[in-house]
Amino acid sequence: MTIEARFRVDRGEFLLDVDLSISAEGVSALFGPSGCGKTTLLRAIAGLDRHRNGYLRIGDETWQEADRFVAPHRRRLGYVFQEPSLFGHLNVRSNVEYGAKRVPSSQRKVSVDKAIDLVAIGHLLERSPGTLSGGERQRVAIARALAVSPRLLLMDEPLTALDQAGKQEILPYLESLHDELEIPVIYVSHTREELARLADQLVLLEAGHVVATGTVDEMFTRLDLPLAHGSDADAIVEAVVVGHDEHYNLTYLDSAAGRVSVAGRALQVGDCARLRLAARDVSLTLEHQSGTSILNIFPAVVDELTAEGDAQVTVRLLAGGVPLLARITRKSAAELTLRPGTSVYAQVKSVALLS
Amino acid sequence: MIFSDADLIALAITLKLALISTGILLGLGTPLAWWLARTRWRLKFLLEAVVALPLVLPPTVLGFYLLLVLGPHGPVGGLMETLGGRPLAFTFTGLVIGSVFYSMPFVVQPLQNAFAALGSRPLDVAATLGASPLDRFFTVAVPLARPGFLTAAVLGFAHTVGEFGVVLMIGGNIPGVTQVVSIAIYDHVEGLEYAHAHWLSAALLLMSFLMLVVVYGVNRRFRLAQP
């Protein structure tokens, strides 16, 4: 299924000009700084704002073109807003059922019970929204959107209005949606961590324009994009759990880059997981080091380098085809005479398990 | 018996007038308030000014114009006559029409404020949940604007009960037909029947106070129940 969207919105000081074609498998994230047009684009996709000369096609359905505009209530989409926006005059159960009741039973794929289970709000059903915590409210809002059995789920920074505890409360549920439902999701965010954990592909927006689109692992490590240059630059690696070390309490995973050891016992053998390798935790050597405390060492080839300020360099590596980033000093890069094609060993001091 | 028969009839006419007027006002005022709260029409302030006119206009002025329009020589009254009816001046129907104009702002403004306070978010949410515009109006906007409806109904009712000038101009003072309590009180005072005036006044005072207590009490509870 493909999503094609063309919108041009001119509001004087703000111009959104987007021509987008993305595959709607899994979670596609619209990412960019505040004010870059993410929400405007999402509302246009939902049909909440009608822009002239827009074009929108979801799979084999055209929602907007020259003389056609499908009203939002006929699009059957799920929309989770930044604020939970529950209906204050209805209890939790009626909130969740509001959309479900309006879907013909032949098109119901996600039952109300399933939606309630997915975000674990079964114990809240008779409560009034006013008595819930921020995280609980957002979970109800997510269940309400899912119970519509949406063809497309739109999420507009659903974690932004929550405190840290609320964010940590919701993230696992969002990850499980990803695994359990086959609903394409467009997820708006300006937080890197959410992307790292949830997104499959990324649409990078800047000042109303699409700068680049691609898979998360690719986009995070492209040196021509700002994502690879912050102090929090990192690479995302997909891996499968292959075993645990009971004695040392480690988890072993296999990735295309090689075997990875992660501290702590997590997940089951066979589980898929995402690993995050922070650029500043990756150091490079020309020979394979022995006698080092570092467990994760991957043979890699330098792909590209760019200066990072006066003193540092960001190196993009390919380890078994997987892109990694290393943030090292300019002096080290010179002494190792790193250039594209140089074979190196990437020593990764710490690997974070994201899910 | 505290109230004379004429007083009781005046009370009954007053309540009937207030109930009918409030019903019509809610029927007309709700779509008008909804439209005023949501339109981006540049000239809507003109319409808002027209709706608010009875707040500042002396009731006798409004009553005078209505008398001209509804009377036998006015456009509406004349039309009624050619259609074989009676002119509307000095009839109960004429009173209802006058009351509807006179109490319009007391119904439209609370509703408009309540609808505006909703914002567009709950309606956007309802739209994404598959509710058509009419569906979201009745299942989201109206229940959420409930305090506004209560305020509008009570103010419209109470204001109609309390009107004097318009009623006098357009209804005359026909006992059993258009004589309402406020005018009956005036008559009692004119006739130096202070005891009767006292009882009727006290009845209106108590009724008005109780209605306002209900409004404020219910609205307070509603606010407490909201997140």
# chains A, B, ... in the order shown; residues from 1 in each chain; ligands from 1
$ residues_around --residues "Arg151 (chain A)" --least-positions-apart "5" --cutoff "7 Å" --atoms "only C-alpha atoms" --output "tab-separated table (two decimals) with C-alpha atoms, in the first residue's frame"
chain	number	residue	atom	x	y	z
A	76	ARG	CA	-12.25	5.81	8.49
A	77	LEU	CA	-9.01	6.87	9.97
A	183	ILE	CA	-2.51	-0.72	10.41
$ closest_atom_pairs --of "chain A" --to "chain B" --cutoff "8 Å" --atoms "only C-alpha atoms" --output "CSV"
residue,atom,partner,partner_atom,distance
A:Ala46,CA,B:Thr128,CA,7.4
A:Leu48,CA,B:Asp124,CA,6.7
A:Pro72,CA,B:Thr128,CA,5.8
A:His73,CA,B:Gly130,CA,3.9
A:Arg74,CA,B:Gly130,CA,6.2
A:Arg75,CA,B:Gly130,CA,7.7
A:Arg76,CA,B:Gly130,CA,6.4
A:Leu77,CA,B:Thr128,CA,6.2
A:Gly78,CA,B:Thr128,CA,6.3
A:Tyr79,CA,B:Thr128,CA,6.2
A:Ser85,CA,B:Pro122,CA,6.6
A:Leu86,CA,B:Pro122,CA,7.7
A:Phe87,CA,B:Pro122,CA,6.9
A:Gly88,CA,B:Gln226,CA,6.0
A:His89,CA,B:Leu144,CA,6.4
A:Tyr98,CA,B:Leu129,CA,7.1
A:Gly99,CA,B:Leu129,CA,4.4
A:Ala100,CA,B:Leu129,CA,7.8
A:Arg102,CA,B:Gly130,CA,5.9
A:Val103,CA,B:Gly130,CA,7.3
A:Pro129,CA,B:Pro227,CA,6.5
A:Gly130,CA,B:Pro227,CA,3.7
A:Thr131,CA,B:Pro227,CA,7.1
A:Ala145,CA,B:Leu129,CA,7.0
A:Val148,CA,B:Leu129,CA,6.6
$ closest_residue --among "A:Ser94, A:Asn296, A:Thr285, A:Thr2" --to "Leu253 (chain A)" --atoms "only C-alpha atoms"
A:Asn296
$ closest_residue --among "A:Pro226, A:Gly291, A:Pro172, A:Gly214" --to "Leu198 (chain A)" --atoms "only C-alpha atoms"
A:Pro172
$ residues_around --residues "region 81-96 of chain B" --least-positions-apart "6" --cutoff "7 Å" --atoms "only C-alpha atoms" --output "PyMOL selection string"
chain B and resi 17+21+67+70-72+167+170-172+177-178
$ residues_around --residues "Thr60 (chain B)" --least-positions-apart "4" --cutoff "9 Å" --atoms "only C-alpha atoms" --output "PyMOL selection string"
chain B and resi 64-65+164-169
$ atom_distance --atom1 "CA of Ser355 (chain A)" --atom2 "CA of Gly264 (chain A)"
12.9 Å
$ select_by_dssp --residues "region 109-332 of chain A" --states "alpha helix (DSSP H)" --output "PyMOL selection string"
chain A and resi 112-118+134-146+164-180+192-198+216-220+330-332
$ residues_around --residues "Ala300 (chain A)" --least-positions-apart "6" --cutoff "7 Å" --atoms "only C-alpha atoms" --output "mmCIF file with N, CA and C atoms, in the first residue's frame"
data_model
loop_
_atom_site.group_PDB
_atom_site.id
_atom_site.type_symbol
_atom_site.label_atom_id
_atom_site.label_comp_id
_atom_site.auth_asym_id
_atom_site.auth_seq_id
_atom_site.Cartn_x
_atom_site.Cartn_y
_atom_site.Cartn_z
ATOM 1 N N LEU A 317 30.212 4.388 8.912
ATOM 2 C CA LEU A 317 30.829 3.090 8.648
ATOM 3 C C LEU A 317 29.782 2.142 8.108
ATOM 4 N N LEU A 318 30.238 1.137 7.392
ATOM 5 C CA LEU A 318 29.336 0.054 7.035
ATOM 6 C C LEU A 318 29.897 -1.218 7.642
ATOM 7 N N ALA A 319 29.131 -1.806 8.541
ATOM 8 C CA ALA A 319 29.555 -3.054 9.179
ATOM 9 C C ALA A 319 28.611 -4.137 8.687
ATOM 10 N N GLY A 320 29.083 -4.963 7.780
ATOM 11 C CA GLY A 320 28.213 -5.979 7.193
ATOM 12 C C GLY A 320 27.028 -5.349 6.505
ATOM 13 N N SER A 343 39.553 -0.045 6.030
ATOM 14 C CA SER A 343 38.977 -1.082 6.891
ATOM 15 C C SER A 343 39.326 -0.791 8.330
ATOM 16 N N VAL A 344 38.368 -0.851 9.199
ATOM 17 C CA VAL A 344 38.590 -0.533 10.611
ATOM 18 C C VAL A 344 37.831 -1.527 11.479
ATOM 19 N N TYR A 345 38.042 -1.429 12.773
ATOM 20 C CA TYR A 345 37.210 -2.144 13.740
ATOM 21 C C TYR A 345 36.483 -1.101 14.571
ATOM 22 N N ALA A 346 35.197 -1.255 14.629
ATOM 23 C CA ALA A 346 34.395 -0.319 15.433
ATOM 24 C C ALA A 346 34.196 -0.951 16.803
#
$ closest_residue --among "B:Leu79, B:Val161, B:Leu204, B:Val214" --to "Ser99 (chain B)" --atoms "only C-alpha atoms"
B:Val161
$ residues_around --residues "Leu42 (chain A)" --least-positions-apart "2" --cutoff "9 Å" --atoms "only C-alpha atoms" --output "VMD selection string"
chain A and resid 30 37 to 40 44 to 48 154 to 156 186 to 188
$ write_last_selection --atoms "C-alpha atoms" --output "mmCIF file, in the first residue's frame"
data_model
loop_
_atom_site.group_PDB
_atom_site.id
_atom_site.type_symbol
_atom_site.label_atom_id
_atom_site.label_comp_id
_atom_site.auth_asym_id
_atom_site.auth_seq_id
_atom_site.Cartn_x
_atom_site.Cartn_y
_atom_site.Cartn_z
ATOM 1 C CA LEU A 30 7.001 12.858 9.935
ATOM 2 C CA GLY A 37 4.409 21.845 8.889
ATOM 3 C CA LYS A 38 4.066 18.351 10.359
ATOM 4 C CA THR A 39 0.690 18.951 11.956
ATOM 5 C CA THR A 40 -0.582 20.934 8.962
ATOM 6 C CA ALA A 44 -4.615 17.750 5.513
ATOM 7 C CA ILE A 45 -4.234 13.972 5.277
ATOM 8 C CA ALA A 46 -7.092 13.527 7.747
ATOM 9 C CA GLY A 47 -9.234 15.967 5.777
ATOM 10 C CA LEU A 48 -9.753 18.159 8.848
ATOM 11 C CA LEU A 154 -2.493 9.223 12.356
ATOM 12 C CA MET A 155 -0.689 10.211 15.528
ATOM 13 C CA ASP A 156 0.244 13.811 16.197
ATOM 14 C CA ILE A 186 1.785 8.104 10.241
ATOM 15 C CA TYR A 187 3.454 9.374 13.362
ATOM 16 C CA VAL A 188 4.389 12.999 13.865
#
$ residues_around --residues "region 271-280 of chain A" --least-positions-apart "2" --cutoff "7 Å" --atoms "only C-alpha atoms" --output "VMD selection string"
chain A and resid 232 to 241 267 to 269 282 325 to 327 351 to 355
$ atom_distance --atom1 "CA of Glu13 (chain A)" --atom2 "CA of Ala207 (chain A)"
10.5 Å
$ atom_distance --atom1 "CA of Val189 (chain B)" --atom2 "CA of Ile13 (chain B)"
19.7 Å
$ closest_residue --among "A:Asp60, A:Asp17, A:Glu83, A:Glu97" --to "Glu157 (chain A)" --atoms "only C-alpha atoms"
A:Glu83
